[in-house]
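A.B. asks: Sharing start.pdb here; it has PDB, C-alpha atoms.
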```pdb
ATOM      1  CA  MET A   1     -21.756  -7.987   7.484
ATOM      2  CA  LYS A   2     -22.413  -4.268   7.304
ATOM      3  CA  ILE A   3     -19.115  -2.721   6.230
ATOM      4  CA  ALA A   4     -18.003   0.861   5.564
ATOM      5  CA  PHE A   5     -15.042   1.470   3.267
ATOM      6  CA  ILE A   6     -13.329   4.863   3.277
ATOM      7  CA  GLY A   7     -11.164   5.705   0.267
ATOM      8  CA  MET A   8     -12.019   4.810  -3.319
ATOM      9  CA  GLY A   9      -8.579   5.038  -4.875
ATOM     10  CA  VAL A  10      -6.843   2.468  -7.058
ATOM     11  CA  MET A  11      -6.572   0.128  -4.066
ATOM     12  CA  GLY A  12      -9.722   0.826  -2.060
ATOM     13  CA  ALA A  13     -12.200   0.669  -4.929
ATOM     14  CA  PRO A  14     -11.393  -2.901  -6.041
ATOM     15  CA  MET A  15     -11.075  -4.088  -2.424
ATOM     16  CA  ALA A  16     -14.552  -2.759  -1.640
ATOM     17  CA  GLY A  17     -15.813  -4.422  -4.796
ATOM     18  CA  HIS A  18     -14.588  -7.796  -3.560
ATOM     19  CA  LEU A  19     -16.516  -7.238  -0.330
ATOM     20  CA  VAL A  20     -19.745  -6.750  -2.280
ATOM     21  CA  ARG A  21     -19.088  -9.929  -4.277
ATOM     22  CA  ALA A  22     -18.522 -11.765  -0.998
ATOM     23  CA  GLY A  23     -22.056 -10.839   0.053
ATOM     24  CA  HIS A  24     -21.403  -7.966   2.460
ATOM     25  CA  GLU A  25     -23.498  -4.802   2.624
ATOM     26  CA  VAL A  26     -20.995  -2.078   1.739
ATOM     27  CA  THR A  27     -21.228   1.695   2.141
ATOM     28  CA  VAL A  28     -18.368   3.785   0.758
ATOM     29  CA  TYR A  29     -17.049   7.281   1.326
ATOM     30  CA  ASN A  30     -14.528   9.206  -0.722
ATOM     31  CA  ARG A  31     -13.388  12.797  -0.373
ATOM     32  CA  THR A  32     -14.094  13.281  -4.084
ATOM     33  CA  ARG A  33     -17.739  12.228  -4.260
ATOM     34  CA  ALA A  34     -17.607  11.371  -7.966
ATOM     35  CA  LYS A  35     -15.305   8.410  -7.326
ATOM     36  CA  ALA A  36     -17.669   6.991  -4.722
ATOM     37  CA  ASP A  37     -20.638   7.474  -7.035
ATOM     38  CA  ALA A  38     -18.824   5.723  -9.884
ATOM     39  CA  TRP A  39     -17.974   2.807  -7.594
ATOM     40  CA  ALA A  40     -21.603   2.506  -6.431
ATOM     41  CA  GLU A  41     -22.857   2.570 -10.005
ATOM     42  CA  GLN A  42     -20.557  -0.335 -10.842
ATOM     43  CA  HIS A  43     -21.008  -2.421  -7.702
ATOM     44  CA  GLY A  44     -24.416  -1.454  -6.356
ATOM     45  CA  GLY A  45     -23.271  -0.370  -2.896
ATOM     46  CA  ASN A  46     -24.236   2.726  -0.953
ATOM     47  CA  VAL A  47     -22.513   6.124  -0.831
ATOM     48  CA  ALA A  48     -22.163   8.194   2.343
ATOM     49  CA  GLY A  49     -21.591  11.916   2.626
ATOM     50  CA  SER A  50     -19.015  11.647   5.417
ATOM     51  CA  PRO A  51     -16.889   9.029   7.200
ATOM     52  CA  ALA A  52     -19.219   9.271  10.195
ATOM     53  CA  GLU A  53     -22.272   8.604   8.046
ATOM     54  CA  ALA A  54     -20.559   5.611   6.453
ATOM     55  CA  ALA A  55     -19.530   4.219   9.849
ATOM     56  CA  GLU A  56     -22.848   4.571  11.623
ATOM     57  CA  GLY A  57     -24.170   1.128  12.543
ATOM     58  CA  ALA A  58     -21.348  -0.680  10.700
ATOM     59  CA  ASP A  59     -19.860  -3.925  11.968
ATOM     60  CA  ALA A  60     -16.524  -2.915  10.468
ATOM     61  CA  VAL A  61     -14.988   0.235   9.024
ATOM     62  CA  LEU A  62     -12.052  -0.125   6.636
ATOM     63  CA  ALA A  63      -9.865   2.684   5.315
ATOM     64  CA  CYS A  64      -7.365   3.062   2.491
ATOM     65  CA  VAL A  65      -6.490   6.729   2.123
ATOM     66  CA  GLY A  66      -3.310   8.712   1.433
ATOM     67  CA  ASN A  67      -1.204   9.572   4.466
ATOM     68  CA  ASP A  68      -1.225  10.256   8.204
ATOM     69  CA  ALA A  69      -3.145  13.513   7.893
ATOM     70  CA  ASP A  70      -5.815  11.931   5.686
ATOM     71  CA  LEU A  71      -6.200   9.016   8.085
ATOM     72  CA  GLU A  72      -6.479  11.295  11.108
ATOM     73  CA  GLN A  73      -9.135  13.350   9.339
ATOM     74  CA  VAL A  74     -11.373  10.403   8.418
ATOM     75  CA  THR A  75     -11.108   8.827  11.868
ATOM     76  CA  LEU A  76     -10.772  11.576  14.467
ATOM     77  CA  GLY A  77     -11.598  14.756  12.551
ATOM     78  CA  ALA A  78     -14.915  16.514  12.170
ATOM     79  CA  ASP A  79     -17.397  13.917  10.876
ATOM     80  CA  GLY A  80     -14.734  11.253  11.490
ATOM     81  CA  ALA A  81     -15.658   7.585  11.706
ATOM     82  CA  PHE A  82     -14.613   6.899  15.309
ATOM     83  CA  ALA A  83     -17.274   9.100  16.893
ATOM     84  CA  ALA A  84     -20.015   7.251  14.986
ATOM     85  CA  MET A  85     -18.803   3.679  15.517
ATOM     86  CA  ARG A  86     -20.551   1.411  18.002
ATOM     87  CA  PRO A  87     -18.555  -0.291  20.784
ATOM     88  CA  GLY A  88     -17.213  -3.640  19.648
ATOM     89  CA  ALA A  89     -17.013  -2.627  15.982
ATOM     90  CA  LEU A  90     -13.798  -3.166  14.020
ATOM     91  CA  PHE A  91     -11.671  -0.441  12.458
ATOM     92  CA  ALA A  92      -8.949  -1.711  10.108
ATOM     93  CA  ASP A  93      -6.623   0.627   8.239
ATOM     94  CA  HIS A  94      -5.058  -0.477   4.953
ATOM     95  CA  THR A  95      -3.230   2.814   4.374
ATOM     96  CA  THR A  96       0.557   2.828   4.570
ATOM     97  CA  VAL A  97       1.183   5.355   7.331
ATOM     98  CA  SER A  98       3.463   5.871  10.327
ATOM     99  CA  ALA A  99       3.552   3.410  13.178
ATOM    100  CA  ALA A 100       2.954   6.380  15.465
ATOM    101  CA  ILE A 101      -0.523   7.104  14.124
ATOM    102  CA  ALA A 102      -1.324   3.390  14.100
ATOM    103  CA  ARG A 103      -0.536   3.223  17.808
ATOM    104  CA  ARG A 104      -2.488   6.421  18.452
ATOM    105  CA  LEU A 105      -5.590   5.078  16.708
ATOM    106  CA  ALA A 106      -5.308   1.828  18.650
ATOM    107  CA  SER A 107      -5.241   3.802  21.886
ATOM    108  CA  GLU A 108      -8.114   6.069  20.841
ATOM    109  CA  GLY A 109     -10.106   3.068  19.701
ATOM    110  CA  GLU A 110      -9.543   1.153  22.905
ATOM    111  CA  ALA A 111     -10.883   4.117  24.898
ATOM    112  CA  ARG A 112     -14.055   3.961  22.783
ATOM    113  CA  GLY A 113     -14.425   0.184  22.998
ATOM    114  CA  LEU A 114     -13.395  -0.394  19.370
ATOM    115  CA  LEU A 115     -11.262  -3.142  17.865
ATOM    116  CA  VAL A 116      -8.456  -1.485  15.887
ATOM    117  CA  LEU A 117      -6.009  -3.059  13.452
ATOM    118  CA  ASP A 118      -3.270  -1.494  11.357
ATOM    119  CA  ALA A 119      -3.266  -3.625   8.231
ATOM    120  CA  PRO A 120      -1.194  -2.208   5.357
ATOM    121  CA  VAL A 121      -1.131  -4.228   2.169
ATOM    122  CA  SER A 122       1.364  -5.333  -0.454
ATOM    123  CA  GLY A 123       0.598  -6.423  -3.985
ATOM    124  CA  GLY A 124      -0.272  -3.147  -5.652
ATOM    125  CA  GLN A 125      -3.223  -2.325  -7.836
ATOM    126  CA  ALA A 126      -3.028  -5.666  -9.634
ATOM    127  CA  GLY A 127      -3.162  -7.520  -6.325
ATOM    128  CA  ALA A 128      -6.162  -5.489  -5.210
ATOM    129  CA  GLU A 129      -8.011  -6.148  -8.462
ATOM    130  CA  LYS A 130      -7.263  -9.888  -8.366
ATOM    131  CA  GLY A 131      -8.086 -10.206  -4.665
ATOM    132  CA  ALA A 132      -4.568 -11.480  -4.023
ATOM    133  CA  LEU A 133      -3.093  -8.946  -1.607
ATOM    134  CA  SER A 134      -0.726  -9.688   1.251
ATOM    135  CA  ILE A 135      -1.830  -8.048   4.503
ATOM    136  CA  MET A 136       0.458  -7.487   7.485
ATOM    137  CA  CYS A 137      -1.499  -6.806  10.656
ATOM    138  CA  GLY A 138      -0.804  -5.137  13.981
ATOM    139  CA  GLY A 139      -3.268  -5.120  16.867
ATOM    140  CA  SER A 140      -4.978  -7.291  19.433
ATOM    141  CA  PRO A 141      -5.860 -10.943  18.840
ATOM    142  CA  GLU A 142      -9.548  -9.959  19.173
ATOM    143  CA  ALA A 143      -9.223  -7.388  16.384
ATOM    144  CA  MET A 144      -7.429  -9.930  14.212
ATOM    145  CA  THR A 145     -10.147 -12.518  14.752
ATOM    146  CA  ALA A 146     -12.784  -9.992  13.691
ATOM    147  CA  ALA A 147     -10.842  -8.836  10.641
ATOM    148  CA  GLU A 148      -9.634 -12.066   9.091
ATOM    149  CA  PRO A 149     -12.964 -13.237   7.590
ATOM    150  CA  ILE A 150     -13.354  -9.817   5.977
ATOM    151  CA  PHE A 151      -9.815  -9.688   4.631
ATOM    152  CA  GLN A 152     -10.218 -13.090   3.005
ATOM    153  CA  SER A 153     -12.398 -11.394   0.398
ATOM    154  CA  TYR A 154      -9.376  -9.684  -1.174
ATOM    155  CA  ALA A 155      -6.226 -11.240   0.280
ATOM    156  CA  ALA A 156      -4.086 -14.256  -0.523
ATOM    157  CA  ARG A 157      -1.916 -13.906   2.588
ATOM    158  CA  ILE A 158      -2.918 -12.516   6.009
ATOM    159  CA  VAL A 159      -0.347 -12.438   8.826
ATOM    160  CA  HIS A 160      -0.825 -11.136  12.352
ATOM    161  CA  VAL A 161       2.648  -9.730  13.010
ATOM    162  CA  GLY A 162       2.189  -8.303  16.492
ATOM    163  CA  ALA A 163       0.768  -5.468  18.566
ATOM    164  CA  ALA A 164      -0.475  -2.087  17.334
ATOM    165  CA  GLY A 165       1.995  -0.533  14.900
ATOM    166  CA  ALA A 166       3.624  -3.845  13.955
ATOM    167  CA  GLY A 167       1.704  -4.000  10.690
ATOM    168  CA  GLN A 168       3.040  -0.604   9.644
ATOM    169  CA  THR A 169       6.629  -1.343  10.636
ATOM    170  CA  THR A 170       6.418  -4.635   8.723
ATOM    171  CA  LYS A 171       5.257  -2.696   5.660
ATOM    172  CA  MET A 172       8.339  -0.517   6.108
ATOM    173  CA  VAL A 173      10.458  -3.689   6.056
ATOM    174  CA  ASN A 174       8.693  -4.630   2.812
ATOM    175  CA  GLN A 175       9.491  -1.284   1.173
ATOM    176  CA  ILE A 176      13.104  -1.339   2.383
ATOM    177  CA  CYS A 177      13.507  -4.726   0.666
ATOM    178  CA  ILE A 178      11.960  -3.492  -2.577
ATOM    179  CA  ALA A 179      14.118  -0.369  -2.652
ATOM    180  CA  GLY A 180      17.330  -2.328  -2.258
ATOM    181  CA  VAL A 181      16.373  -4.910  -4.868
ATOM    182  CA  LEU A 182      15.429  -2.262  -7.442
ATOM    183  CA  GLY A 183      18.678  -0.415  -6.851
ATOM    184  CA  GLY A 184      20.683  -3.537  -7.633
ATOM    185  CA  LEU A 185      18.430  -4.588 -10.508
ATOM    186  CA  SER A 186      18.750  -1.165 -12.150
ATOM    187  CA  GLU A 187      22.549  -1.310 -12.025
ATOM    188  CA  ALA A 188      22.611  -4.907 -13.267
ATOM    189  CA  LEU A 189      20.394  -4.121 -16.249
ATOM    190  CA  ARG A 190      22.472  -1.126 -17.295
ATOM    191  CA  PHE A 191      25.681  -3.150 -16.844
ATOM    192  CA  ALA A 192      24.282  -5.871 -19.119
ATOM    193  CA  GLN A 193      23.335  -3.255 -21.727
ATOM    194  CA  ALA A 194      26.781  -1.642 -21.551
ATOM    195  CA  SER A 195      28.300  -5.084 -22.089
ATOM    196  CA  ASP A 196      26.203  -5.580 -25.256
ATOM    197  CA  LEU A 197      24.664  -8.730 -23.829
ATOM    198  CA  ASP A 198      21.425 -10.273 -25.075
ATOM    199  CA  LEU A 199      19.091  -9.241 -22.242
ATOM    200  CA  ALA A 200      16.667 -12.103 -22.802
ATOM    201  CA  LYS A 201      19.478 -14.644 -22.531
ATOM    202  CA  VAL A 202      20.891 -12.917 -19.460
ATOM    203  CA  PHE A 203      17.477 -13.119 -17.827
ATOM    204  CA  ASP A 204      17.196 -16.794 -18.751
ATOM    205  CA  ALA A 205      20.628 -17.461 -17.256
ATOM    206  CA  ILE A 206      20.208 -15.688 -13.923
ATOM    207  CA  SER A 207      16.486 -15.668 -13.116
ATOM    208  CA  GLY A 208      16.485 -19.258 -11.868
ATOM    209  CA  GLY A 209      19.304 -18.791  -9.388
ATOM    210  CA  ALA A 210      20.177 -16.764  -6.316
ATOM    211  CA  ALA A 211      19.738 -13.426  -8.135
ATOM    212  CA  GLN A 212      16.079 -14.122  -8.856
ATOM    213  CA  SER A 213      13.454 -11.807  -7.351
ATOM    214  CA  TRP A 214       9.868 -10.753  -7.984
ATOM    215  CA  GLN A 215      11.175  -7.491  -9.393
ATOM    216  CA  MET A 216      13.488  -9.301 -11.794
ATOM    217  CA  VAL A 217      10.792 -11.688 -13.018
ATOM    218  CA  ASN A 218       8.177  -8.977 -13.475
ATOM    219  CA  ARG A 219      10.217  -5.872 -14.374
ATOM    220  CA  TRP A 220      13.458  -6.878 -16.128
ATOM    221  CA  GLY A 221      11.929  -6.802 -19.603
ATOM    222  CA  THR A 222       9.788  -3.727 -19.057
ATOM    223  CA  MET A 223      12.691  -1.762 -17.567
ATOM    224  CA  ALA A 224      14.738  -2.620 -20.651
ATOM    225  CA  ASP A 225      11.874  -1.334 -22.845
ATOM    226  CA  ASP A 226      11.392   1.878 -20.804
ATOM    227  CA  GLN A 227       7.873   0.861 -19.741
ATOM    228  CA  PHE A 228       6.957   2.180 -16.302
ATOM    229  CA  ASP A 229       3.181   2.334 -16.090
ATOM    230  CA  PHE A 230       2.422  -0.351 -13.501
ATOM    231  CA  GLY A 231       0.505   1.323 -10.715
ATOM    232  CA  PHE A 232       2.703   1.941  -7.657
ATOM    233  CA  ALA A 233       4.236   5.359  -8.225
ATOM    234  CA  ILE A 234       7.614   6.681  -7.164
ATOM    235  CA  ASP A 235       5.822   9.520  -5.335
ATOM    236  CA  TRP A 236       4.217   6.923  -3.060
ATOM    237  CA  MET A 237       7.426   4.942  -2.652
ATOM    238  CA  ARG A 238       9.212   8.068  -1.449
ATOM    239  CA  LYS A 239       6.424   8.604   1.075
ATOM    240  CA  ASP A 240       6.877   5.034   2.306
ATOM    241  CA  LEU A 241      10.667   5.253   2.484
ATOM    242  CA  GLY A 242      10.284   8.520   4.380
ATOM    243  CA  LEU A 243       8.183   6.690   6.966
ATOM    244  CA  ALA A 244      10.831   3.992   7.286
ATOM    245  CA  LEU A 245      13.657   6.501   7.644
ATOM    246  CA  GLU A 246      11.691   8.414  10.287
ATOM    247  CA  GLU A 247      10.958   5.220  12.224
ATOM    248  CA  ALA A 248      14.648   4.288  12.015
ATOM    249  CA  ARG A 249      15.536   7.552  13.708
ATOM    250  CA  SER A 250      13.325   6.420  16.585
ATOM    251  CA  ASN A 251      14.408   2.790  16.890
ATOM    252  CA  GLY A 252      18.103   3.279  16.132
ATOM    253  CA  ALA A 253      18.234   1.198  12.946
ATOM    254  CA  SER A 254      20.696   2.155  10.216
ATOM    255  CA  LEU A 255      19.246   2.390   6.686
ATOM    256  CA  PRO A 256      22.063   3.662   4.440
ATOM    257  CA  VAL A 257      20.901   1.838   1.310
ATOM    258  CA  SER A 258      17.296   2.966   1.729
ATOM    259  CA  ALA A 259      18.412   6.555   2.270
ATOM    260  CA  LEU A 260      20.511   6.408  -0.895
ATOM    261  CA  VAL A 261      17.735   4.864  -2.996
ATOM    262  CA  ASP A 262      15.342   7.484  -1.656
ATOM    263  CA  GLN A 263      17.705  10.181  -2.962
ATOM    264  CA  TRP A 264      17.872   8.420  -6.315
ATOM    265  CA  TYR A 265      14.095   8.381  -6.502
ATOM    266  CA  GLY A 266      14.240  12.125  -5.897
ATOM    267  CA  GLU A 267      16.380  12.412  -9.035
ATOM    268  CA  VAL A 268      13.773  10.507 -11.064
ATOM    269  CA  GLN A 269      11.053  12.800  -9.706
ATOM    270  CA  LYS A 270      13.037  15.788 -11.003
ATOM    271  CA  MET A 271      13.104  14.027 -14.380
ATOM    272  CA  GLY A 272       9.292  13.986 -14.354
ATOM    273  CA  GLY A 273       8.941  10.377 -13.258
ATOM    274  CA  GLY A 274       7.087  10.840  -9.992
ATOM    275  CA  ARG A 275       3.957   9.082 -11.225
ATOM    276  CA  GLN A 276       5.874   6.257 -12.903
ATOM    277  CA  ASP A 277       6.276   2.809 -11.375
ATOM    278  CA  THR A 278       9.101   2.262  -8.876
ATOM    279  CA  SER A 279      11.079   0.353 -11.527
ATOM    280  CA  ALA A 280      11.651   3.725 -13.239
ATOM    281  CA  LEU A 281      14.583   4.023 -10.825
ATOM    282  CA  VAL A 282      16.648   2.722 -13.752
ATOM    283  CA  ARG A 283      16.043   6.011 -15.590
ATOM    284  CA  ARG A 284      18.676   7.775 -13.486
ATOM    285  CA  LEU A 285      21.361   5.538 -15.010
ATOM    286  CA  ALA A 286      22.309   6.361 -18.582
ATOM    287  CA  LYS A 287      22.114   3.596 -21.168
TER     288      LYS A 287
END
```
Starting from the file, give its structure as structure tokens.
C.D. replies:
Amino acid sequence: MKIAFIGMGVMGAPMAGHLVRAGHEVTVYNRTRAKADAWAEQHGGNVAGSPAEAAEGADAVLACVGNDADLEQVTLGADGAFAAMRPGALFADHTTVSAAIARRLASEGEARGLLVLDAPVSGGQAGAEKGALSIMCGGSPEAMTAAEPIFQSYAARIVHVGAAGAGQTTKMVNQICIAGVLGGLSEALRFAQASDLDLAKVFDAISGGAAQSWQMVNRWGTMADDQFDFGFAIDWMRKDLGLALEEARSNGASLPVSALVDQWYGEVQKMGGGRQDTSALVRRLAK
């Protein structure tokens, strides 16, 4: 297929690389041209000067950018992709953004005859590089049918959750879960340290039972060693929790734990940890 990929960050670049290895013809666009050029030099794809140029004649346009404003710019702004896309083409967004803009793009796309899917991902940079992401999708069944063969190039799990916006609200559920788990894990680790316990033996004792989690298995030891360079930054987590808290104000859900963890992440940002991995939440608790 002829595919355009917009956004050559730590997630988009490896995802686009998997598409090339799967045999697709890929054209990329990035706001900072040097990143797109570096990707093309490595993978042999094409580089476009604008989202519209990348999207022209494409069977599918994929995006993984920063936030709502970035997504609006590359789709509906000057030289945005939507104006250049042919009717029947697919637009799938892998950015974590608000459900509101996901629904807006679905509506705008429908008016233009496009298939639109909000498809945020989980799995981080490592998942993108390994081609093992989880993708939660919101949109029409027709859009899902068009997207799934493409997503298989870089995903281990693909779930059609519901209508437009459902992918983004599911990603919010994902981040709410992570925030709560890391809050508890941080307290548990510091409690174990204060109790002068052997952390390796504690992990061995509890990691096979009901307390076990992905965060425990993958971050218990590194949190104890003050290692926090694992890709998904606190700055981005606060953006995601902000989206969830805003959506909760609309749907009436109560998120007291998420709101508290969000404040704690703000404390770690003030400590200079904004670019550290989300497990750096433990830094706010003294050893």
A.B. asks: Run through the PyMOL selection byres ((chain A and resi 188) around 12) on the given coordinates and return the selected residues as a PyMOL selection string.
C.D. replies: chain A and resi 181-187+189-195+197+199+202-203+206+211+216+220+223-224+282+285+287
A.B. asks: If you measure from atom CA of Gln152 of chain A to atom CA of Asn46 of chain A, what distance in Å do you get, rounded to one decimal?
C.D. replies: 21.5 Å
A.B. asks: Quick one: everything within 8 Å of Val121 of chain A, counting only C-alpha atoms, minus sequence neighbours fewer than 3 positions away in the same chain. Send it as number ranges by chain.
C.D. replies: A: 94-96, 124, 133-136, 171
A.B. asks: Which value, in Å to one decimal, gives the distance between atom CA of Leu76 of chain A and atom CA of Ala52 of chain A?
C.D. replies: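 Computing the Euclidean distance for atom CA of Leu76 of chain A and atom CA of Ala52 of chain A yields 9.7 Å.
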A.B. asks: For a test of reading the model, state the distance in Å between atom CA of Arg103 of chain A and atom CA of Ala81 of chain A, rounded to one decimal.
C.D. replies: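 Taking atom CA of Arg103 of chain A and atom CA of Ala81 of chain A, their separation equals 16.9 Å.
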A.B. asks: Report as a list of chain:residue names the residues that result from applying the PyMOL selection byres ((chain A and resi 243-254) around 8) to the structure here.
C.D. replies: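 Applying the PyMOL selection byres ((chain A and resi 243-254) around 8) to the structure shown produces A:Val97, A:Ser98, A:Ala99, A:Thr169, A:Met172, A:Val173, A:Ile176, A:Lys239, A:Asp240, A:Leu241, A:Gly242, A:Leu255, A:Pro256, A:Ser258, A:Ala259.
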A.B. asks: Using C-alpha atoms, can you write the selected residues to a file as a JSON list (two decimals), in the coordinates of the input?
C.D. replies:
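As a result, selection.json now contains:
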```
[["chain", "number", "residue", "atom", "x", "y", "z"],
["A", 97, "VAL", "CA", 1.18, 5.36, 7.33],
["A", 98, "SER", "CA", 3.46, 5.87, 10.33],
["A", 99, "ALA", "CA", 3.55, 3.41, 13.18],
["A", 169, "THR", "CA", 6.63, -1.34, 10.64],
["A", 172, "MET", "CA", 8.34, -0.52, 6.11],
["A", 173, "VAL", "CA", 10.46, -3.69, 6.06],
["A", 176, "ILE", "CA", 13.10, -1.34, 2.38],
["A", 239, "LYS", "CA", 6.42, 8.60, 1.08],
["A", 240, "ASP", "CA", 6.88, 5.03, 2.31],
["A", 241, "LEU", "CA", 10.67, 5.25, 2.48],
["A", 242, "GLY", "CA", 10.28, 8.52, 4.38],
["A", 255, "LEU", "CA", 19.25, 2.39, 6.69],
["A", 256, "PRO", "CA", 22.06, 3.66, 4.44],
["A", 258, "SER", "CA", 17.30, 2.97, 1.73],
["A", 259, "ALA", "CA", 18.41, 6.56, 2.27]]
```
A.B. asks: Using the atoms already present, construct N, CA and C atoms for segment 88-112 of chain A and hand them back as an mmCIF file, in the coordinates of the input.
C.D. replies:
```cif
data_model
loop_
_atom_site.group_PDB
_atom_site.id
_atom_site.type_symbol
_atom_site.label_atom_id
_atom_site.label_comp_id
_atom_site.auth_asym_id
_atom_site.auth_seq_id
_atom_site.Cartn_x
_atom_site.Cartn_y
_atom_site.Cartn_z
ATOM 1 N N GLY A 88 -17.353 -2.283 20.139
ATOM 2 C CA GLY A 88 -17.213 -3.640 19.648
ATOM 3 C C GLY A 88 -17.005 -3.744 18.152
ATOM 4 N N ALA A 89 -17.224 -2.618 17.429
ATOM 5 C CA ALA A 89 -17.013 -2.627 15.982
ATOM 6 C C ALA A 89 -15.512 -2.628 15.680
ATOM 7 N N LEU A 90 -15.186 -3.075 14.469
ATOM 8 C CA LEU A 90 -13.798 -3.166 14.020
ATOM 9 C C LEU A 90 -13.440 -1.967 13.155
ATOM 10 N N PHE A 91 -12.260 -1.391 13.404
ATOM 11 C CA PHE A 91 -11.671 -0.441 12.458
ATOM 12 C C PHE A 91 -10.340 -1.014 11.996
ATOM 13 N N ALA A 92 -10.194 -1.190 10.682
ATOM 14 C CA ALA A 92 -8.949 -1.711 10.108
ATOM 15 C C ALA A 92 -8.460 -0.742 9.049
ATOM 16 N N ASP A 93 -7.201 -0.356 9.154
ATOM 17 C CA ASP A 93 -6.623 0.627 8.239
ATOM 18 C C ASP A 93 -5.649 -0.040 7.280
ATOM 19 N N HIS A 94 -5.925 0.086 5.987
ATOM 20 C CA HIS A 94 -5.058 -0.477 4.953
ATOM 21 C C HIS A 94 -4.090 0.545 4.376
ATOM 22 N N THR A 95 -4.154 1.789 4.842
ATOM 23 C CA THR A 95 -3.230 2.814 4.374
ATOM 24 C C THR A 95 -1.817 2.506 4.863
ATOM 25 N N THR A 96 -0.818 2.870 4.077
ATOM 26 C CA THR A 96 0.557 2.828 4.570
ATOM 27 C C THR A 96 0.853 4.164 5.229
ATOM 28 N N VAL A 97 0.976 4.140 6.543
ATOM 29 C CA VAL A 97 1.183 5.355 7.331
ATOM 30 C C VAL A 97 2.249 5.081 8.391
ATOM 31 N N SER A 98 2.462 6.052 9.280
ATOM 32 C CA SER A 98 3.463 5.871 10.327
ATOM 33 C C SER A 98 2.959 4.907 11.395
ATOM 34 N N ALA A 99 3.915 4.262 12.049
ATOM 35 C CA ALA A 99 3.552 3.410 13.178
ATOM 36 C C ALA A 99 2.993 4.250 14.318
ATOM 37 N N ALA A 100 3.416 5.504 14.381
ATOM 38 C CA ALA A 100 2.954 6.380 15.465
ATOM 39 C C ALA A 100 1.450 6.596 15.391
ATOM 40 N N ILE A 101 0.925 6.876 14.209
ATOM 41 C CA ILE A 101 -0.523 7.104 14.124
ATOM 42 C C ILE A 101 -1.272 5.791 14.287
ATOM 43 N N ALA A 102 -0.681 4.686 13.881
ATOM 44 C CA ALA A 102 -1.324 3.390 14.100
ATOM 45 C C ALA A 102 -1.491 3.135 15.596
ATOM 46 N N ARG A 103 -0.452 3.417 16.356
ATOM 47 C CA ARG A 103 -0.536 3.223 17.808
ATOM 48 C C ARG A 103 -1.525 4.206 18.432
ATOM 49 N N ARG A 104 -1.545 5.424 17.917
ATOM 50 C CA ARG A 104 -2.488 6.421 18.452
ATOM 51 C C ARG A 104 -3.924 5.988 18.212
ATOM 52 N N LEU A 105 -4.225 5.513 17.007
ATOM 53 C CA LEU A 105 -5.590 5.078 16.708
ATOM 54 C C LEU A 105 -5.971 3.867 17.549
ATOM 55 N N ALA A 106 -5.017 2.980 17.797
ATOM 56 C CA ALA A 106 -5.308 1.828 18.650
ATOM 57 C C ALA A 106 -5.683 2.290 20.054
ATOM 58 N N SER A 107 -4.949 3.278 20.553
ATOM 59 C CA SER A 107 -5.241 3.802 21.886
ATOM 60 C C SER A 107 -6.587 4.518 21.925
ATOM 61 N N GLU A 108 -6.836 5.355 20.922
ATOM 62 C CA GLU A 108 -8.114 6.069 20.841
ATOM 63 C C GLU A 108 -9.270 5.078 20.702
ATOM 64 N N GLY A 109 -9.057 4.063 19.895
ATOM 65 C CA GLY A 109 -10.106 3.068 19.701
ATOM 66 C C GLY A 109 -10.392 2.279 20.949
ATOM 67 N N GLU A 110 -9.358 1.909 21.672
ATOM 68 C CA GLU A 110 -9.543 1.153 22.905
ATOM 69 C C GLU A 110 -10.376 1.955 23.905
ATOM 70 N N ALA A 111 -10.122 3.269 23.976
ATOM 71 C CA ALA A 111 -10.883 4.117 24.898
ATOM 72 C C ALA A 111 -12.359 4.173 24.531
ATOM 73 N N ARG A 112 -12.665 3.927 23.259
ATOM 74 C CA ARG A 112 -14.055 3.961 22.783
ATOM 75 C C ARG A 112 -14.670 2.573 22.693
#
```
